[in-house]
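First the structure, in the form of structure tokens, and then the observations on it.
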Amino acid sequence: MNRTHSRLLPVLLLCAQAVVWPGVPLARGTVPPGSALLIATLATGVVAAALALRRSRPVAALIIVAATCALGAGPLPAGAMAVLGTAGAALAVFTVAIRRDAFTAVLCVTALALWQFLQGVSLHGLSERDGLDMVLTAVMYAASCGTGLLVRRTRHARRAADQLMKRAETERRRLPAAERRRMERELHDISAHHLTAVVVTVGAALGLRERRPELTDEALQFASETGREVTRALGAVRSPAPSRTDVASPQERLLDLVDGFRRLSHQVDCEISPLPDGAVAEAAYGIVREALTNVARYAPGAHTRVLCRYGETRTEIAVTSTAPPAGAVAHGAGLGGGRGQGFLRSRAREAGGTVHSSPTAEGGWEVRAALPGRTATPVEPPAPRAYRAAQMVAAAGLILQPLLPALVIRPEHTSGGAPVSAGVFFALLAAGQAMTLLWLRRAPRTAYAMLLGLALLWPMAMTVGNYGGPVLLPSTLSLLATCAALAMEPARTATYRSTTVLLAVLVHAAAASTAVLVRGTTAPTWTVIAGITIGVALAGTAAHLAGVLRARHRQADDRAHDERLAAWTEEAVRDAWIERHRIAAGLEGAVFARTADMVIEAEAGRLDATAARAREALSAMRALLDTEAEGGSGPELRPQPTLQALDLLAQHLRATGRDIDIRLSDRVPQHLPIAVDLAAYYAAETLLTAGGGAAVLELDFGTDNLMLTATGIPIPAGPAVREGLTVRVTPLGGTVTTGPPGTVQLRLPFTTAQDNEEGQR
């Protein structure tokens with residue numbers, strides 16, 4: 001709701017109040033006195049001002065609206081504050097539920113309802129039999145609060161989904177570039193350490209061949225062993241393992257960074273929690289490195305503390321340094337280019353966070369950043385206990401305020417009516433049903449049992465309280481709570497849904513029929529029972545259908561969101577796979593062959609040829625690195641990822657906050673049939689992108705079958721995942737089975753795939 005509509009609602013309420021009073025009396029020819037018009041104008045002005053500012057101060061606006069309407073209702077005629085006292089207060093309650101946490105919203109509604117109840121008791125006593133006005137008001141407040149909490153949760157979920165999509169889009173752009181940088185870095189390490197060492201060693205042996213002939217055998221053996229190691233290292237570059245333990249984690253990189261500064265005689269303490277690979281980890285590393293560099297440059301000798309805490313909703317990074325010791329000389333003070341702060345902000349902004357730096361009170365410097373955490377859901381921090389206690393004390397004071405006159409002034413006469421009115425019973429039953437709705441999501445069966453059990457007590461309350469109002473009104477109020485439950489959280493299975501609706505119809509029809517028959521009616525009994533049953537059935541079915549439609553709409557939104565995330569994951573992995581395939585093609589054609597020739601020449605004992613092949617391999621490696629640095633063109637064909645791309649898939653999912661564990665058994669062959677390899681990767685991608693929580697994928701091989709087992713698949717996504725996988729693996733003779741909840745198993749036979757490939761050849 002924008003600000004224009006937000007401020008238009010108080011104006012509409014003022015117009016409605018003006019129509020009710022003094023509009024209706026004026027239409028009947030009755031002119032209200034001037035004092036009443038003045039008091040009404042002042043009261044409505046205060047209420048309108050409070051409602052206009054309810055977005056910034058919702059709790060204060062609610063208190064002002066309730067107090068003003070209560071004070072204004074005393075000297076004014078009936079109906080003068082009816083609209084503002086009900087709809088205005090409900091609007092304020094709705095705003096509190098949207099703007100504040102659930103505890104504050106429920107506390108405000110409870111305090112407001114009890115305050116108005118005790119105010120009515122102090123003014124009119126307990127002999128007021130038909131107190132349904134208080135019950136109806138409380139129900140309206142509860143409905144406003146529930147609607148506000150529902151809207152707040154929906155906005156919260158939408159905002160979290162938008163942030164998750166933004167994070168996934170960032171990772172989609174980052175993954176191909178990260179894969180290219182990884183391969184370039186590892187190729188550079190291989191060329192700088194292995195091939196260069198072979199060239200130098202063999203060259204030295206050639207130069208000293210006449211004086212130290214024993215160096216020839218050592219050089220040939222070194223070239224042969226190093227060539228095999230280069231071949232293994234290049235194979236690891238082409239297809240790294242998907243396990244997170246095979247590569248340095250972001251936490252290890254940060255610890256190595258801190259250790260590097262410690263070796264330079266800097267005092268650095270650190271508290272670093274594990275981080276997933278991705279934009280957040282890269283931003284955290286860059287921010288810590290820039291901050292430590294600035295400390296070494298401008299405050300040598302200062303004690304520094306590094307904090308990197310990865311949480312559910314945010315990642316906190318803080319690098320705090322003390323003032324440098326007296327006499328310390330900052331030799332690097334003039335070496336900065338003045339762009340460090342801009343780089344810090346850009347790194348944090350690209351990761352979806354913020355960063356700021358400022359001096360500390362002790363004369364040091366602090367760099368603090370807030371980046372996205374494990375999930376994109378922005379949850380509010382829990383309120384301190386002292387704040388909750390203050391809220392409870394303030395609410396208790398407001399609730400007990402109407403009883404102060406009764407405690408101070410002793411009444412001379414006491415009403416001799418009934419000790420407890422029907423309105424009190426109705427208020428207690430309505431409060432019980434409202435509290436039951438709060439537990440609907442956690443324990444639906446218990447909540448429905450409580451709702452239906454309380455519904456049977458309404459006719460008893462009518463009899464005990466000698467209720468003389470509309471006979472179906474209490475039963476209707478009871479039915480509203482059950483309809484709200486059916487609309488909020490419909491049962492998952494069809495049998496459970498039909499059973500719940502049937503029980504609700506039977507219980508409420510029995511309660512309403514009992515109330516009507518006890519009161520007495522001239523209509524036939526079967527007509528009363530049939531009419532009430534039909535009405536209750538229509539209301540319950542309508543509420544249930546509304547809940548089902550709402551659930552389907554939510555599921556459709558979730559599916560669209562998951563499909564978009566899956567599409568971005570697929571695009572990111574394929575782009576990164578293309579980069580790997582392109583560089584691997586250069587390795588196949590330029591480096592692998594020359595390295596293999598170098599090993600052959602070394603094993604044959606030809607030192608000159610070994611030196612030539614080593615120089616050719618080193619030149620080919622450097623040429624490949626130069627080509628990648630200049631930006632080579634992609635291949636004409638877009639290769640499809642196979643199981644060798646599982647590390648890219650796991651890296652992308654972990655970077656978006658997922659806890660993914662891929663376990664690849666040693667029994668899985670390195671070379672699989674093409675159809676099996678492609679289908680297995682598609683199955684892994686489908687299974688891992690199906691949910692939003694932790695997932696484990698295990699791959700094993702036995703009896704000519706590749707077996708995939710995924711756990712952590714959401715139950716609602718299970719049938720859709722199984723249907724999509726069945727269509728893909730059935731042509732290969734594979735099967736898809738579901739085991740325990742959240743588990744999907746896949747079997748891909750090798751025999752059928754090999755026969756198909758042989759037939760195609």
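Every chain in the structure tokens takes a letter, A first, then B, and so on in the order presented; its residues are numbered from 1, and the ligands are numbered from 1 following the presented order.
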Write out as a VMD selection string each polymer residue whose atoms come within 10 Å of A:Ala40, counting only C-alpha atoms; drop sequence neighbours fewer than 4 positions from it.
chain A and resid 18 21 to 22 34 to 36 44 to 46 69 72 to 73 75 to 77 80 to 81
What are the closest atom pairs, with distances in Å to one decimal, for all residues of stretch 518-627 of chain A lying within 8 Å of stretch 643-652 of chain A? Consider only C-alpha atoms, order rows by chain and residue number, and present the result as CSV.
residue,atom,partner,partner_atom,distance
A:Thr569,CA,A:His652,CA,7.0
A:Ala572,CA,A:His652,CA,7.7
A:Val573,CA,A:Leu648,CA,5.9
A:Ala576,CA,A:Leu648,CA,7.3
A:Trp577,CA,A:Ala645,CA,6.6
Long-range neighbours of stretch 718-733 of chain A as a VMD selection string, 9 Å cut-off, only C-alpha atoms, 3 positions minimum in chain
chain A and resid 675 to 676 679 to 680 682 to 683 686 to 687 690 713 to 715 736 to 738 741 to 744 746 to 753 756
Can you work out which one of A:Leu624, A:Gly74, A:Thr610, A:Thr642 has the shortest atom-to-atom distance to A:Ala585, counting only C-alpha atoms?
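Closest residue, counting only C-alpha atoms: A:Leu624.
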Residues within 9 Å of A:Ala566, only C-alpha atoms, excluding chain neighbours under 2 positions, as a list in words
His561, Asp562, Glu563, Arg564, Trp568, Thr569, Glu570, Glu571, Glu685, Thr686, Thr689 and Ala690 of chain A
Polymer residues at most 8 Å from stretch 308-311 of chain A, only C-alpha atoms, same-chain spacing of 4 or more positions, as a PyMOL selection string:
chain A and resi 271-275+284+315-318+373-374
Neighbours of stretch 257-265 of chain A within 9 Å (only C-alpha atoms; same-chain residues fewer than 4 positions away dropped), as a short mmCIF file (atom, residue, chain, number, x, y, z; two decimals) with N, CA, C and O atoms, in the first residue's frame?
data_model
loop_
_atom_site.label_atom_id
_atom_site.label_comp_id
_atom_site.auth_asym_id
_atom_site.auth_seq_id
_atom_site.Cartn_x
_atom_site.Cartn_y
_atom_site.Cartn_z
N GLU A 252 39.33 -21.59 4.86
CA GLU A 252 40.77 -21.86 4.81
C GLU A 252 41.51 -20.73 4.11
O GLU A 252 42.62 -20.36 4.52
N ARG A 253 40.92 -20.18 3.07
CA ARG A 253 41.56 -19.06 2.38
C ARG A 253 41.68 -17.84 3.28
O ARG A 253 42.72 -17.16 3.30
N ASP A 269 44.11 -11.23 15.47
CA ASP A 269 43.25 -12.26 16.02
C ASP A 269 42.05 -12.43 15.09
O ASP A 269 41.60 -11.46 14.47
N CYS A 270 41.56 -13.64 15.01
CA CYS A 270 40.48 -13.86 14.05
C CYS A 270 39.46 -14.84 14.62
O CYS A 270 39.78 -15.70 15.44
N TYR A 285 36.35 -12.21 1.37
CA TYR A 285 37.80 -12.29 1.23
C TYR A 285 38.39 -10.95 0.78
O TYR A 285 39.41 -10.49 1.31
N VAL A 288 38.19 -8.34 3.73
CA VAL A 288 39.18 -8.59 4.78
C VAL A 288 40.59 -8.29 4.28
O VAL A 288 41.40 -7.69 4.99
N ARG A 289 40.88 -8.68 3.06
CA ARG A 289 42.22 -8.41 2.52
C ARG A 289 42.48 -6.92 2.39
O ARG A 289 43.55 -6.43 2.75
N LEU A 292 42.96 -5.47 6.01
CA LEU A 292 44.25 -5.81 6.59
C LEU A 292 45.39 -5.08 5.88
O LEU A 292 46.37 -4.67 6.52
N THR A 293 45.27 -4.92 4.58
CA THR A 293 46.30 -4.18 3.85
C THR A 293 46.35 -2.73 4.32
O THR A 293 47.45 -2.16 4.48
N ALA A 296 48.14 -2.62 7.64
CA ALA A 296 49.59 -2.74 7.47
C ALA A 296 50.20 -1.49 6.85
O ALA A 296 51.36 -1.15 7.12
N GLY A 301 51.95 -2.23 13.46
CA GLY A 301 52.05 -2.53 14.87
C GLY A 301 50.74 -2.52 15.62
O GLY A 301 50.71 -2.88 16.81
N VAL A 306 39.81 -9.76 13.38
CA VAL A 306 39.02 -10.07 12.20
C VAL A 306 37.85 -10.96 12.63
O VAL A 306 38.06 -12.01 13.24
#
Write out as a ChimeraX atom specification the residues lying within 12 Å of A:Thr201, counting only C-alpha atoms and excluding same-chain residues fewer than 2 positions away.
/A:193-199,203-209,215-224,226,607,610-611,614-615
Separation of atom CA of A:Cys483 from atom CA of A:Ala434 in Å:
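Atom CA of A:Ala434 sits 12.0 Å away from atom CA of A:Cys483.
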